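Structure file final23.cif with mmCIF, C-alpha atoms:
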data_start
#
loop_
_atom_site.label_atom_id
_atom_site.label_comp_id
_atom_site.auth_asym_id
_atom_site.auth_seq_id
_atom_site.Cartn_x
_atom_site.Cartn_y
_atom_site.Cartn_z
CA MET A 14 98.94 134.54 72.95
CA ASN A 15 100.82 131.65 74.55
CA ARG A 16 97.93 129.54 75.90
CA ILE A 17 98.00 126.02 74.51
CA LEU A 18 94.96 123.81 74.04
CA VAL A 19 95.04 120.05 74.57
CA ALA A 20 92.16 117.86 73.41
CA GLY A 21 91.82 114.82 75.66
CA ALA A 22 92.50 114.25 79.36
CA GLY A 23 94.00 110.79 79.05
CA PRO A 24 97.60 109.94 79.92
CA VAL A 25 98.96 111.50 76.73
CA GLY A 26 96.96 114.72 76.88
CA LEU A 27 97.61 115.28 80.57
CA THR A 28 101.32 114.51 80.18
CA ALA A 29 101.53 117.11 77.41
CA ALA A 30 99.62 119.60 79.54
CA LEU A 31 101.81 119.09 82.61
CA ALA A 32 105.03 119.24 80.59
CA LEU A 33 103.88 122.54 79.06
CA ALA A 34 102.72 123.95 82.39
CA ARG A 35 106.11 123.23 83.91
CA LYS A 36 107.64 125.26 81.08
CA GLY A 37 105.44 128.22 81.96
CA PHE A 38 102.56 127.86 79.50
CA PRO A 39 98.93 128.29 80.53
CA VAL A 40 97.07 125.21 79.30
CA THR A 41 93.41 124.44 78.70
CA VAL A 42 92.54 120.74 78.45
CA LEU A 43 89.31 119.94 76.60
CA GLU A 44 87.86 116.61 77.74
CA SER A 45 84.74 115.07 76.19
CA GLY A 46 83.90 113.03 79.29
CA ALA A 47 82.33 114.21 82.52
CA ASP A 48 85.49 113.19 84.41
CA LEU A 49 88.68 111.23 83.86
CA ALA A 50 88.21 107.77 82.38
CA THR A 51 88.33 104.96 84.94
CA GLU A 52 88.92 101.99 82.62
CA SER A 53 92.19 100.15 83.19
CA ARG A 54 93.31 100.11 79.53
CA ALA A 55 97.10 100.34 79.13
CA SER A 56 99.15 99.24 82.12
CA THR A 57 102.81 98.83 81.17
CA PHE A 58 105.34 101.65 81.57
CA HIS A 59 108.70 101.16 79.86
CA PRO A 60 112.02 102.56 81.19
CA PRO A 61 112.24 105.73 79.04
CA THR A 62 108.63 106.57 79.88
CA LEU A 63 109.41 106.22 83.57
CA GLU A 64 112.35 108.59 83.06
CA MET A 65 110.10 111.17 81.39
CA LEU A 66 107.43 110.98 84.08
CA ASP A 67 110.07 111.17 86.78
CA ASP A 68 111.46 114.30 85.12
CA LEU A 69 107.92 115.73 85.37
CA GLY A 70 108.02 115.18 89.13
CA ILE A 71 105.54 112.32 89.40
CA GLY A 72 107.84 109.29 89.37
CA ASP A 73 107.59 108.59 93.09
CA GLU A 74 103.79 108.74 93.15
CA LEU A 75 103.51 106.47 90.13
CA HIS A 76 105.88 103.93 91.67
CA GLU A 77 103.84 103.94 94.90
CA ARG A 78 100.81 102.80 92.89
CA GLY A 79 102.57 100.40 90.56
CA LEU A 80 104.21 96.99 90.53
CA LEU A 81 107.86 96.59 89.52
CA SER A 82 108.37 94.03 86.78
CA PRO A 83 112.11 93.42 86.33
CA THR A 84 111.58 90.43 84.02
CA PHE A 85 109.19 89.26 81.34
CA ALA A 86 108.73 85.81 79.88
CA TYR A 87 108.13 84.06 76.62
CA ARG A 88 106.14 80.87 77.03
CA ASP A 89 104.69 78.20 74.80
CA ARG A 90 101.34 76.53 75.38
CA ALA A 91 102.87 73.09 75.05
CA GLU A 92 106.40 73.64 76.39
CA GLY A 93 105.80 76.13 79.20
CA LEU A 94 108.56 78.62 79.94
CA VAL A 95 110.82 79.26 76.94
CA ALA A 96 112.88 82.30 77.95
CA LEU A 97 113.02 84.86 80.74
CA LEU A 98 114.41 88.31 79.88
CA ASP A 99 115.85 90.35 82.75
CA LEU A 100 115.90 94.12 82.29
CA ALA A 101 118.71 94.39 84.84
CA VAL A 102 121.11 94.21 81.86
CA LEU A 103 119.92 97.75 81.02
CA ALA A 104 121.24 99.19 84.29
CA GLY A 105 123.89 101.11 82.37
CA ASP A 106 121.35 102.48 79.89
CA THR A 107 118.54 103.73 82.12
CA ARG A 108 117.91 104.62 85.73
CA PHE A 109 114.78 102.44 85.62
CA PRO A 110 115.91 98.99 84.39
CA TYR A 111 112.47 97.43 84.67
CA ARG A 112 108.89 97.81 83.57
CA LEU A 113 106.31 99.24 85.93
CA GLN A 114 102.87 97.65 85.84
CA CYS A 115 100.25 100.27 86.70
CA GLU A 116 96.91 100.97 85.03
CA GLN A 117 96.73 104.31 83.22
CA SER A 118 93.68 105.17 85.35
CA LYS A 119 96.08 105.46 88.29
CA LEU A 120 98.37 107.84 86.37
CA THR A 121 95.82 110.36 85.12
CA PRO A 122 94.64 111.58 88.57
CA ILE A 123 98.28 112.22 89.52
CA LEU A 124 98.82 114.22 86.34
CA ARG A 125 95.60 116.19 86.87
CA THR A 126 96.47 117.12 90.45
CA ARG A 127 99.92 118.34 89.45
CA LEU A 128 98.60 120.23 86.41
CA LEU A 129 95.99 122.17 88.36
CA ARG A 130 98.62 123.44 90.79
CA HIS A 131 99.92 125.65 87.97
CA ASP A 132 98.40 129.08 87.50
CA GLY A 133 96.40 129.47 84.32
CA CYS A 134 95.84 125.74 83.80
CA GLU A 135 92.37 124.24 83.60
CA ILE A 136 90.40 121.20 82.46
CA LEU A 137 87.01 121.71 80.80
CA TYR A 138 84.79 118.62 80.89
CA ASN A 139 81.89 117.57 78.66
CA TRP A 140 83.67 119.37 75.84
CA HIS A 141 82.77 117.60 72.59
CA LEU A 142 85.07 119.07 69.97
CA SER A 143 83.25 119.69 66.71
CA GLY A 144 85.56 121.91 64.70
CA VAL A 145 88.95 123.58 64.43
CA THR A 146 89.76 126.87 62.71
CA GLN A 147 93.20 128.38 62.31
CA THR A 148 94.91 131.66 61.57
CA PRO A 149 98.68 132.16 61.13
CA ALA A 150 98.96 133.00 64.84
CA ALA A 151 96.21 131.02 66.63
CA VAL A 152 93.90 128.04 66.60
CA THR A 153 90.32 127.90 67.86
CA ALA A 154 88.55 124.73 68.94
CA SER A 155 84.75 124.72 68.82
CA ALA A 156 82.48 122.51 70.89
CA ALA A 157 79.19 120.97 69.85
CA ASP A 158 77.35 123.11 72.41
CA GLY A 159 78.65 126.38 70.99
CA ARG A 160 81.58 126.98 73.32
CA SER A 161 84.98 127.82 71.90
CA ALA A 162 88.57 128.06 73.13
CA THR A 163 91.53 129.73 71.47
CA GLY A 164 95.22 129.12 71.89
CA SER A 165 98.49 129.44 70.06
CA TRP A 166 98.60 125.65 69.45
CA LEU A 167 96.29 122.66 69.81
CA ILE A 168 97.57 119.19 70.69
CA GLY A 169 95.03 116.55 69.68
CA ALA A 170 95.34 113.66 72.14
CA ASP A 171 91.70 112.63 71.97
CA GLY A 172 92.07 108.98 71.11
CA ALA A 173 91.67 106.65 68.17
CA HIS A 174 88.36 108.24 67.14
CA SER A 175 89.94 111.69 67.39
CA CYS A 176 87.65 114.59 66.56
CA THR A 177 90.79 116.72 66.23
CA ARG A 178 92.20 114.48 63.52
CA ARG A 179 88.93 114.52 61.61
CA ALA A 180 88.60 118.28 61.99
CA ILE A 181 91.98 118.90 60.33
CA GLY A 182 91.33 116.31 57.63
CA ALA A 183 94.31 114.07 58.37
CA GLY A 184 93.98 110.60 56.86
CA PHE A 185 94.33 107.53 59.08
CA GLU A 186 95.36 104.64 56.88
CA GLY A 187 96.24 101.14 58.02
CA ILE A 188 94.73 97.75 58.75
CA THR A 189 92.24 96.13 61.10
CA TYR A 190 93.21 92.74 62.50
CA PRO A 191 90.95 89.78 61.70
CA GLU A 192 90.51 88.90 65.39
CA ARG A 193 89.02 90.87 68.20
CA PHE A 194 91.00 90.93 71.42
CA LEU A 195 89.22 89.68 74.54
CA VAL A 196 90.69 90.82 77.85
CA ALA A 197 89.64 89.20 81.11
CA SER A 198 90.67 90.56 84.51
CA THR A 199 90.72 87.91 87.19
CA ASP A 200 91.00 87.85 90.99
CA GLU A 201 92.88 84.54 90.80
CA GLU A 202 96.55 84.46 91.79
CA LEU A 203 98.00 82.80 88.71
CA THR A 204 101.42 82.23 90.25
CA ALA A 205 99.81 79.70 92.58
CA TRP A 206 98.93 77.67 89.48
CA LEU A 207 101.89 78.52 87.25
CA PRO A 208 104.74 79.23 89.68
CA ASP A 209 107.31 80.22 87.03
CA LEU A 210 105.21 83.16 85.73
CA ALA A 211 106.74 86.61 85.35
CA SER A 212 104.56 89.70 85.69
CA VAL A 213 104.36 89.86 81.88
CA ASN A 214 104.11 86.66 79.82
CA TYR A 215 103.73 86.21 76.06
CA VAL A 216 102.38 82.74 75.30
CA PHE A 217 102.97 81.31 71.82
CA ASP A 218 100.37 79.10 70.13
CA PRO A 219 99.11 78.94 66.52
CA VAL A 220 95.47 79.02 67.67
CA GLU A 221 95.20 80.07 71.33
CA TRP A 222 98.14 82.39 71.85
CA CYS A 223 97.62 84.72 74.78
CA VAL A 224 99.20 87.26 77.10
CA LEU A 225 99.22 86.92 80.90
CA LEU A 226 99.81 90.28 82.54
CA ARG A 227 99.97 91.28 86.20
CA THR A 228 98.68 94.64 87.39
CA PRO A 229 98.52 95.92 90.99
CA ASP A 230 94.86 94.89 91.21
CA HIS A 231 94.40 91.89 88.91
CA TRP A 232 95.90 89.43 86.52
CA ARG A 233 94.80 90.07 82.95
CA VAL A 234 94.48 87.45 80.24
CA LEU A 235 94.36 88.62 76.62
CA LEU A 236 92.94 86.14 74.10
CA PRO A 237 92.35 86.40 70.33
CA THR A 238 88.69 86.03 69.43
CA PRO A 239 86.97 85.42 66.06
CA SER A 240 85.80 88.60 64.39
CA GLU A 241 82.20 87.74 63.58
CA THR A 242 80.91 85.54 66.41
CA PRO A 243 78.31 87.07 68.76
CA ASP A 244 79.79 88.79 71.80
CA ALA A 245 77.49 86.81 74.10
CA LEU A 246 78.88 83.53 72.74
CA GLU A 247 82.46 84.62 73.32
CA TYR A 248 81.78 85.74 76.88
CA ALA A 249 79.91 82.47 77.54
CA ARG A 250 82.89 80.35 76.48
CA LEU A 251 85.46 82.52 78.22
CA ASP A 252 85.78 80.22 81.24
CA THR A 253 86.41 77.22 79.02
CA ARG A 254 89.20 79.11 77.28
CA LEU A 255 90.68 80.24 80.56
CA ARG A 256 90.73 76.63 81.76
CA GLY A 257 92.91 75.98 78.72
CA VAL A 258 95.49 78.23 80.38
CA PHE A 259 95.05 76.37 83.68
CA ASP A 260 92.18 74.25 84.96
CA PRO A 261 91.61 74.65 88.71
CA GLY A 262 88.64 72.26 88.59
CA ARG A 263 86.16 75.10 89.01
CA PRO A 264 85.20 78.27 87.15
CA TRP A 265 87.73 81.11 87.15
CA ARG A 266 86.83 84.19 89.17
CA ILE A 267 86.44 86.89 86.54
CA ALA A 268 86.30 90.49 87.76
CA HIS A 269 85.74 92.08 84.37
CA ALA A 270 85.91 91.23 80.68
CA SER A 271 85.87 93.38 77.54
CA MET A 272 86.31 92.83 73.83
CA TYR A 273 87.55 95.22 71.18
CA ARG A 274 88.79 95.41 67.62
CA VAL A 275 92.45 96.16 67.04
CA HIS A 276 93.95 98.37 64.36
CA GLN A 277 97.37 99.39 63.06
CA ARG A 278 97.03 102.93 61.69
CA VAL A 279 99.12 106.10 61.41
CA ALA A 280 97.88 109.60 60.60
CA ALA A 281 99.00 111.02 57.25
CA ALA A 282 100.53 113.99 59.09
CA PHE A 283 101.20 114.66 62.77
CA ARG A 284 101.23 118.41 62.21
CA VAL A 285 98.68 120.44 60.24
CA GLY A 286 99.20 124.17 60.73
CA ARG A 287 99.04 124.89 64.44
CA VAL A 288 97.63 121.47 65.34
CA LEU A 289 99.74 118.52 66.51
CA LEU A 290 98.45 114.96 66.86
CA ALA A 291 99.66 112.70 69.68
CA GLY A 292 98.97 109.24 71.05
CA ASP A 293 96.09 107.24 69.62
CA ALA A 294 94.90 110.30 67.71
CA ALA A 295 98.12 110.02 65.69
CA HIS A 296 98.85 106.28 65.71
CA VAL A 297 97.18 103.10 66.95
CA ASN A 298 98.68 99.63 67.20
CA ASN A 299 97.99 96.28 68.80
CA PRO A 300 98.80 96.09 72.53
CA LEU A 301 101.40 93.33 72.25
CA GLY A 302 104.55 94.80 73.74
CA GLY A 303 102.86 97.69 75.54
CA LEU A 304 103.99 100.32 73.02
CA GLY A 305 100.86 102.42 72.48
CA MET A 306 100.49 104.52 75.63
CA ASN A 307 104.25 104.74 76.03
CA SER A 308 104.83 106.10 72.53
CA GLY A 309 101.98 108.56 73.07
CA ILE A 310 103.63 109.88 76.23
CA HIS A 311 106.85 110.21 74.23
CA ASP A 312 104.91 112.27 71.65
CA ALA A 313 103.65 114.54 74.42
CA VAL A 314 107.08 115.20 75.92
CA ALA A 315 108.66 115.79 72.51
CA TYR A 316 105.97 118.30 71.54
CA ALA A 317 106.25 120.18 74.83
CA ALA A 318 110.00 120.58 74.36
CA ALA A 319 109.57 121.73 70.75
CA LEU A 320 106.82 124.22 71.57
CA ALA A 321 108.86 125.64 74.43
CA SER A 322 111.71 126.29 72.02
CA GLY A 323 109.50 128.65 70.00
CA ASP A 324 111.23 127.38 66.87
CA GLU A 325 108.93 126.41 63.98
CA GLY A 326 111.66 124.18 62.61
CA ALA A 327 111.92 122.31 65.91
CA ILE A 328 108.15 121.81 66.01
CA ASP A 329 108.15 120.48 62.46
CA ALA A 330 111.07 118.21 63.27
CA ALA A 331 109.35 116.82 66.37
CA ALA A 332 106.19 115.96 64.43
CA THR A 333 108.20 114.39 61.62
CA GLU A 334 110.35 112.35 63.99
CA ARG A 335 107.42 111.12 66.04
CA ARG A 336 105.67 109.96 62.86
CA ARG A 337 108.83 108.20 61.68
CA ILE A 338 109.09 106.35 65.01
CA ALA A 339 105.42 105.38 64.85
CA LEU A 340 105.89 103.92 61.37
CA GLU A 341 109.34 102.37 61.60
CA TYR A 342 109.35 101.25 65.22
CA VAL A 343 105.96 101.07 66.96
CA GLN A 344 104.01 99.64 64.03
CA SER A 345 106.83 97.30 63.04
CA VAL A 346 107.56 95.86 66.49
CA SER A 347 103.93 95.46 67.58
CA HIS A 348 102.96 93.72 64.33
CA GLN A 349 106.01 91.46 64.52
CA ASN A 350 105.00 90.49 68.07
CA TYR A 351 101.53 89.57 66.77
CA GLU A 352 102.85 87.48 63.88
CA ARG A 353 105.30 85.55 66.04
CA LEU A 354 102.81 84.71 68.79
CA ARG A 355 100.42 83.11 66.29
CA ALA A 356 102.89 81.58 63.80
CA THR A 357 101.66 78.25 62.40
CA ASP A 358 104.77 76.95 60.61
CA PRO A 359 106.25 74.46 63.10
CA VAL A 360 109.80 74.86 61.75
CA ALA A 361 109.67 78.66 61.96
CA ARG A 362 108.08 78.47 65.43
CA ALA A 363 110.77 76.11 66.72
CA ALA A 364 113.53 78.30 65.28
CA HIS A 365 112.10 81.41 66.89
CA LEU A 366 111.73 79.76 70.30
CA GLU A 367 115.32 78.53 70.10
CA SER A 368 116.44 82.05 69.17
CA LEU A 369 114.67 83.43 72.25
CA ARG A 370 116.48 80.90 74.47
CA ALA A 371 119.80 81.94 72.97
CA VAL A 372 119.07 85.64 73.49
CA ALA A 373 118.09 85.12 77.14
CA ALA A 374 121.29 83.15 77.76
CA ASP A 375 123.61 85.83 76.29
CA PRO A 376 123.79 89.16 78.20
CA VAL A 377 125.05 91.03 75.13
CA ARG A 378 122.24 89.80 72.88
CA ALA A 379 119.73 90.22 75.71
CA ARG A 380 120.72 93.87 76.09
CA GLU A 381 120.37 94.46 72.34
CA SER A 382 116.93 92.87 72.36
CA LEU A 383 115.78 94.72 75.47
CA LEU A 384 116.99 98.10 74.19
CA ARG A 385 114.52 97.61 71.36
CA SER A 386 111.58 96.12 73.26
CA SER A 387 111.90 98.72 76.05
CA MET A 388 111.77 101.56 73.46
CA ILE A 389 115.18 102.93 74.42
CA ALA A 390 116.57 102.21 70.95
CA ALA A 391 113.71 104.09 69.31
CA LEU A 392 114.56 107.24 71.26
CA ARG A 393 118.34 106.85 71.35
CA PRO A 394 119.39 105.00 68.17
CA ALA A 395 123.08 105.53 68.92
CA VAL A 396 122.68 103.39 72.05
CA GLY A 397 120.92 100.43 70.51
CA GLY A 398 121.54 100.74 66.80
CA PRO A 399 119.08 102.00 64.17
CA ALA A 400 115.50 102.16 65.43
#
Just dump the structure as structure tokens.
Amino acid sequence: MNRILVAGAGPVGLTAALALARKGFPVTVLESGADLATESRASTFHPPTLEMLDDLGIGDELHERGLLSPTFAYRDRAEGLVALLDLAVLAGDTRFPYRLQCEQSKLTPILRTRLLRHDGCEILYNWHLSGVTQTPAAVTASAADGRSATGSWLIGADGAHSCTRRAIGAGFEGITYPERFLVASTDEELTAWLPDLASVNYVFDPVEWCVLLRTPDHWRVLLPTPSETPDALEYARLDTRLRGVFDPGRPWRIAHASMYRVHQRVAAAFRVGRVLLAGDAAHVNNPLGGLGMNSGIHDAVAYAAALASGDEGAIDAAATERRRIALEYVQSVSHQNYERLRATDPVARAAHLESLRAVAADPVRARESLLRSSMIAALRPAVGGPA
């Protein structure tokens, strides 16, 4: 049997499915929802992710729907623009020396269309995975309604609350941040108010740090929010907080707002028998730096290559390496981003801002920094030094 099962039809699951289909495997995707999710969620694609998706034949379509972001900025609430980093210095390291801003809900339909062109590939909806059983040669996924599906491998890409991870008994240790993150999507054109904005802006402040992020449809503003206050109170004071970013003398036009808790967690094992964990099912992190979806797509591509090799050692090595990167790179960088944005020590804050100015002014240091923040160094340590 060479059919492979994938739990979850998000960007990670569908990338894994398409990568496997292109290598000749029949794939069954098991999706708990009635259709693909339509929430915006992640929206930043880093250079190596763009390379992987282009290699899967969907680069042009994704670029048609996205917004090129060749620079990103560090700002300070009081000082304004601190440093502008230009990914053009990576032109010798990647064929995509920029970020692409595009909501994941625009990627998944492209992946689905391409996947279903392959014979033997299917997506089963309303599939609520309830159990996993294994033999030395196969794995069977059971649904809550009594259905079952069997394959040679199962990739669990079913999100942070992964039923696959629970079914195989993999621990998920880590921390939960004290704040909730509040994300507001706005129809305002922020560059009319703050003309030196990049498409991605990290704004330092010990109390009201934030992220200003452009997508093809909206600007997004991410704000830290106390953990225990009522949701209704936080939504009611959202406009006041947004006017702290810029006050137009009237309420901001808010298209949508959502609030969620943020975790840093990594599964105890990314492989258990014939089950592999990918994306948020394997590791979750804060969104600062846009590492989560990207690292999940990297998981998917690595697993597809390992499974296609037919080598148990290669599959083991892929799972081990992806877990190492999650621990040593994704968790480390995303948490460091969080700590620096909210730092309260004025001396340490001033030193860090001055360091950012120096990096932006030096092409050699800028390249070193961007190799890391763009995730190239995590995948190719010889290029950018140890991950």
What do you get, as a PyMOL selection string, if you spell out every residue that the PyMOL selection byres ((chain A and resi 285-295) around 6) selects here? chain A and resi 166-173+175+279-280+283-284+296-297+309+312
Residue subset to file, keeping C-alpha atoms, as a short mmCIF file (atom, residue, chain, number, x, y, z; two decimals), in the coordinates of the input:
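The result, stored in result-v9.cif:
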data_model
loop_
_atom_site.label_atom_id
_atom_site.label_comp_id
_atom_site.auth_asym_id
_atom_site.auth_seq_id
_atom_site.Cartn_x
_atom_site.Cartn_y
_atom_site.Cartn_z
CA TRP A 166 98.60 125.65 69.45
CA LEU A 167 96.29 122.66 69.81
CA ILE A 168 97.57 119.19 70.69
CA GLY A 169 95.03 116.55 69.68
CA ALA A 170 95.34 113.66 72.14
CA ASP A 171 91.70 112.63 71.97
CA GLY A 172 92.07 108.98 71.11
CA ALA A 173 91.67 106.65 68.17
CA SER A 175 89.94 111.69 67.39
CA VAL A 279 99.12 106.10 61.41
CA ALA A 280 97.88 109.60 60.60
CA PHE A 283 101.20 114.66 62.77
CA ARG A 284 101.23 118.41 62.21
CA HIS A 296 98.85 106.28 65.71
CA VAL A 297 97.18 103.10 66.95
CA GLY A 309 101.98 108.56 73.07
CA ASP A 312 104.91 112.27 71.65
#
For the structure shown, which residues end up in the PyMOL selection byres ((chain A and resi 160-164) around 9)? Put them as a VMD selection string, please? chain A and resid 14 to 18 40 to 41 43 140 142 150 to 159 165 to 167
Mind writing the picked residues with C-alpha atoms as a PDB file, in the coordinates of the input?
ATOM      1  CA  MET A  14      98.940 134.540  72.950  1.00  0.00           C
ATOM      2  CA  ASN A  15     100.820 131.650  74.550  1.00  0.00           C
ATOM      3  CA  ARG A  16      97.930 129.540  75.900  1.00  0.00           C
ATOM      4  CA  ILE A  17      98.000 126.020  74.510  1.00  0.00           C
ATOM      5  CA  LEU A  18      94.960 123.810  74.040  1.00  0.00           C
ATOM      6  CA  VAL A  40      97.070 125.210  79.300  1.00  0.00           C
ATOM      7  CA  THR A  41      93.410 124.440  78.700  1.00  0.00           C
ATOM      8  CA  LEU A  43      89.310 119.940  76.600  1.00  0.00           C
ATOM      9  CA  TRP A 140      83.670 119.370  75.840  1.00  0.00           C
ATOM     10  CA  LEU A 142      85.070 119.070  69.970  1.00  0.00           C
ATOM     11  CA  ALA A 150      98.960 133.000  64.840  1.00  0.00           C
ATOM     12  CA  ALA A 151      96.210 131.020  66.630  1.00  0.00           C
ATOM     13  CA  VAL A 152      93.900 128.040  66.600  1.00  0.00           C
ATOM     14  CA  THR A 153      90.320 127.900  67.860  1.00  0.00           C
ATOM     15  CA  ALA A 154      88.550 124.730  68.940  1.00  0.00           C
ATOM     16  CA  SER A 155      84.750 124.720  68.820  1.00  0.00           C
ATOM     17  CA  ALA A 156      82.480 122.510  70.890  1.00  0.00           C
ATOM     18  CA  ALA A 157      79.190 120.970  69.850  1.00  0.00           C
ATOM     19  CA  ASP A 158      77.350 123.110  72.410  1.00  0.00           C
ATOM     20  CA  GLY A 159      78.650 126.380  70.990  1.00  0.00           C
ATOM     21  CA  SER A 165      98.490 129.440  70.060  1.00  0.00           C
ATOM     22  CA  TRP A 166      98.600 125.650  69.450  1.00  0.00           C
ATOM     23  CA  LEU A 167      96.290 122.660  69.810  1.00  0.00           C
TER      24      LEU A 167
END
Given the file shown, determine the residues that the PyMOL selection byres ((chain A and resi 318) around 12) selects; report them as number ranges by chain. A: 29-38, 65, 311-317, 319-325, 327-328, 330-332
What are the nearest atom pairs, with distances in Å to one decimal, for all residues of segment 146-229 of chain A that come at most 10 Å from segment 255-264 of chain A, using all atoms listed in the file, set out by chain and rising residue number as a tab-separated table?
residue	atom	partner	partner_atom	distance
A:Ala197	CA	A:Leu255	CA	9.0
A:Leu203	CA	A:Phe259	CA	8.7
A:Trp206	CA	A:Phe259	CA	7.1
A:Leu207	CA	A:Phe259	CA	8.0
A:Val216	CA	A:Val258	CA	9.7
A:Glu221	CA	A:Gly257	CA	8.8
A:Trp222	CA	A:Val258	CA	9.9
A:Cys223	CA	A:Val258	CA	8.8
A:Leu225	CA	A:Val258	CA	9.5
Using C-alpha atoms, can you export the residues from the last selection as a PDB file, in the coordinates of the input?
ATOM      1  CA  ALA A 197      89.640  89.200  81.110  1.00  0.00           C
ATOM      2  CA  LEU A 203      98.000  82.800  88.710  1.00  0.00           C
ATOM      3  CA  TRP A 206      98.930  77.670  89.480  1.00  0.00           C
ATOM      4  CA  LEU A 207     101.890  78.520  87.250  1.00  0.00           C
ATOM      5  CA  VAL A 216     102.380  82.740  75.300  1.00  0.00           C
ATOM      6  CA  GLU A 221      95.200  80.070  71.330  1.00  0.00           C
ATOM      7  CA  TRP A 222      98.140  82.390  71.850  1.00  0.00           C
ATOM      8  CA  CYS A 223      97.620  84.720  74.780  1.00  0.00           C
ATOM      9  CA  LEU A 225      99.220  86.920  80.900  1.00  0.00           C
TER      10      LEU A 225
END
Using only C-alpha atoms: which of A:Asn139, A:Asn298, A:Thr126, A:Thr238 has the shortest distance to Glu186 of chain A: A:Asn298
Coordinates-based distance that separates atom CA of Leu66 of chain A from atom CA of Thr84 of chain A (Å, one decimal): 21.0 Å
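Proximity of A:Gly70, A:Pro359, A:Pro219, A:Pro237 to Pro300 of chain A, computed with only C-alpha atoms, is greatest for A:Pro237.
In terms of minimum interatomic distance to Phe58 of chain A, A:Val213 ranks closest within A:Val42, A:Val102, A:Val213, A:Leu128, counting only C-alpha atoms.
Proximity ranking of A:Pro24, A:Gly187, A:Pro376, A:Pro39 relative to Ala55 of chain A places A:Pro24 first, based on all atoms listed in the file.
Here atom CA of Ala245 of chain A and atom CA of Arg233 of chain A stand 19.7 Å from one another.
Residue neighbourhood of Asp230 of chain A, excluding near-sequence residues (fewer than 2 positions): Ser53, Ser56, Arg78, Gly79, Leu80, Gln114, Cys115, Glu116, Ser118, Lys119, Ser198, Thr199, Asp200, Glu201, Glu202, Leu226, Arg227, Thr228, Trp232, Arg233, Ala268 and His269 of chain A, at 12 Å, using only C-alpha atoms.
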Would you mind listing what lies within 8 Å of Ala180 of chain A as a VMD selection string, with all atoms listed in the file counted and same-chain residues fewer than 2 positions away left out? chain A and resid 143 to 145 176 to 178 182 to 183
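With all atoms listed in the file taken into account, the protein and nucleic acid residues at most 9 Å from Tyr111 of chain A (excluding it and anything under 6 positions from it in its own chain) are Phe58, His59, Pro60, Leu81, Ser82, Pro83, Thr84, Asp99, Leu100, Ala101, Leu103, Ala104 and Ser387 of chain A.
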For the residues in the current selection, export C-alpha atoms as a CSV table (one decimal), keeping the file's coordinate frame.
chain,number,residue,atom,x,y,z
A,58,PHE,CA,105.3,101.6,81.6
A,59,HIS,CA,108.7,101.2,79.9
A,60,PRO,CA,112.0,102.6,81.2
A,81,LEU,CA,107.9,96.6,89.5
A,82,SER,CA,108.4,94.0,86.8
A,83,PRO,CA,112.1,93.4,86.3
A,84,THR,CA,111.6,90.4,84.0
A,99,ASP,CA,115.8,90.4,82.8
A,100,LEU,CA,115.9,94.1,82.3
A,101,ALA,CA,118.7,94.4,84.8
A,103,LEU,CA,119.9,97.8,81.0
A,104,ALA,CA,121.2,99.2,84.3
A,387,SER,CA,111.9,98.7,76.0
Distance atom CA of Trp265 of chain A-atom CA of Ala205 of chain A, one decimal place? 13.3 Å
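Counting all atoms listed in the file, the residue from A:Ala356, A:Ala91, A:Leu235, A:Ile389 that sits nearest to Asn299 of chain A is A:Leu235.
Nearest residue to Ala270 of chain A, choosing from A:Gly303, A:Phe194, A:Ile123, A:Pro239 and counting all atoms listed in the file: A:Phe194.
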For Leu137 of chain A, list every protein, DNA or RNA residue within 10 Å, evaluated using all atoms listed in the file, and leave out those in the same chain fewer than 4 positions away; present the list as a compact mmCIF listing (two decimals) with C-alpha atoms, in the frame of the given file.
# COMPACT_ATOMS: atom_id res chain seq x y z
CA ALA A 20 92.16 117.86 73.41
CA GLY A 21 91.82 114.82 75.66
CA ALA A 22 92.50 114.25 79.36
CA THR A 41 93.41 124.44 78.70
CA VAL A 42 92.54 120.74 78.45
CA LEU A 43 89.31 119.94 76.60
CA GLU A 44 87.86 116.61 77.74
CA SER A 45 84.74 115.07 76.19
CA GLY A 46 83.90 113.03 79.29
CA ALA A 47 82.33 114.21 82.52
CA ASP A 48 85.49 113.19 84.41
Taking the structure in the block just given, could you write segment 253-268 of chain A with C-alpha atoms, as a PDB file, in the first residue's frame?
ATOM      1  CA  THR A 253      -8.989  54.159  21.574  1.00  0.00           C
ATOM      2  CA  ARG A 254      -5.926  51.937  21.292  1.00  0.00           C
ATOM      3  CA  LEU A 255      -5.832  52.273  17.533  1.00  0.00           C
ATOM      4  CA  ARG A 256      -5.918  56.062  17.895  1.00  0.00           C
ATOM      5  CA  GLY A 257      -2.742  55.623  19.924  1.00  0.00           C
ATOM      6  CA  VAL A 258      -1.134  54.382  16.710  1.00  0.00           C
ATOM      7  CA  PHE A 259      -2.581  57.340  14.797  1.00  0.00           C
ATOM      8  CA  ASP A 260      -5.525  59.590  15.578  1.00  0.00           C
ATOM      9  CA  PRO A 261      -7.448  60.648  12.451  1.00  0.00           C
ATOM     10  CA  GLY A 262      -9.962  62.591  14.562  1.00  0.00           C
ATOM     11  CA  ARG A 263     -12.656  59.984  14.017  1.00  0.00           C
ATOM     12  CA  PRO A 264     -13.137  56.277  14.712  1.00  0.00           C
ATOM     13  CA  TRP A 265     -11.027  53.845  12.693  1.00  0.00           C
ATOM     14  CA  ARG A 266     -12.861  51.737  10.123  1.00  0.00           C
ATOM     15  CA  ILE A 267     -12.490  48.202  11.453  1.00  0.00           C
ATOM     16  CA  ALA A 268     -13.376  45.365   9.079  1.00  0.00           C
TER      17      ALA A 268
END
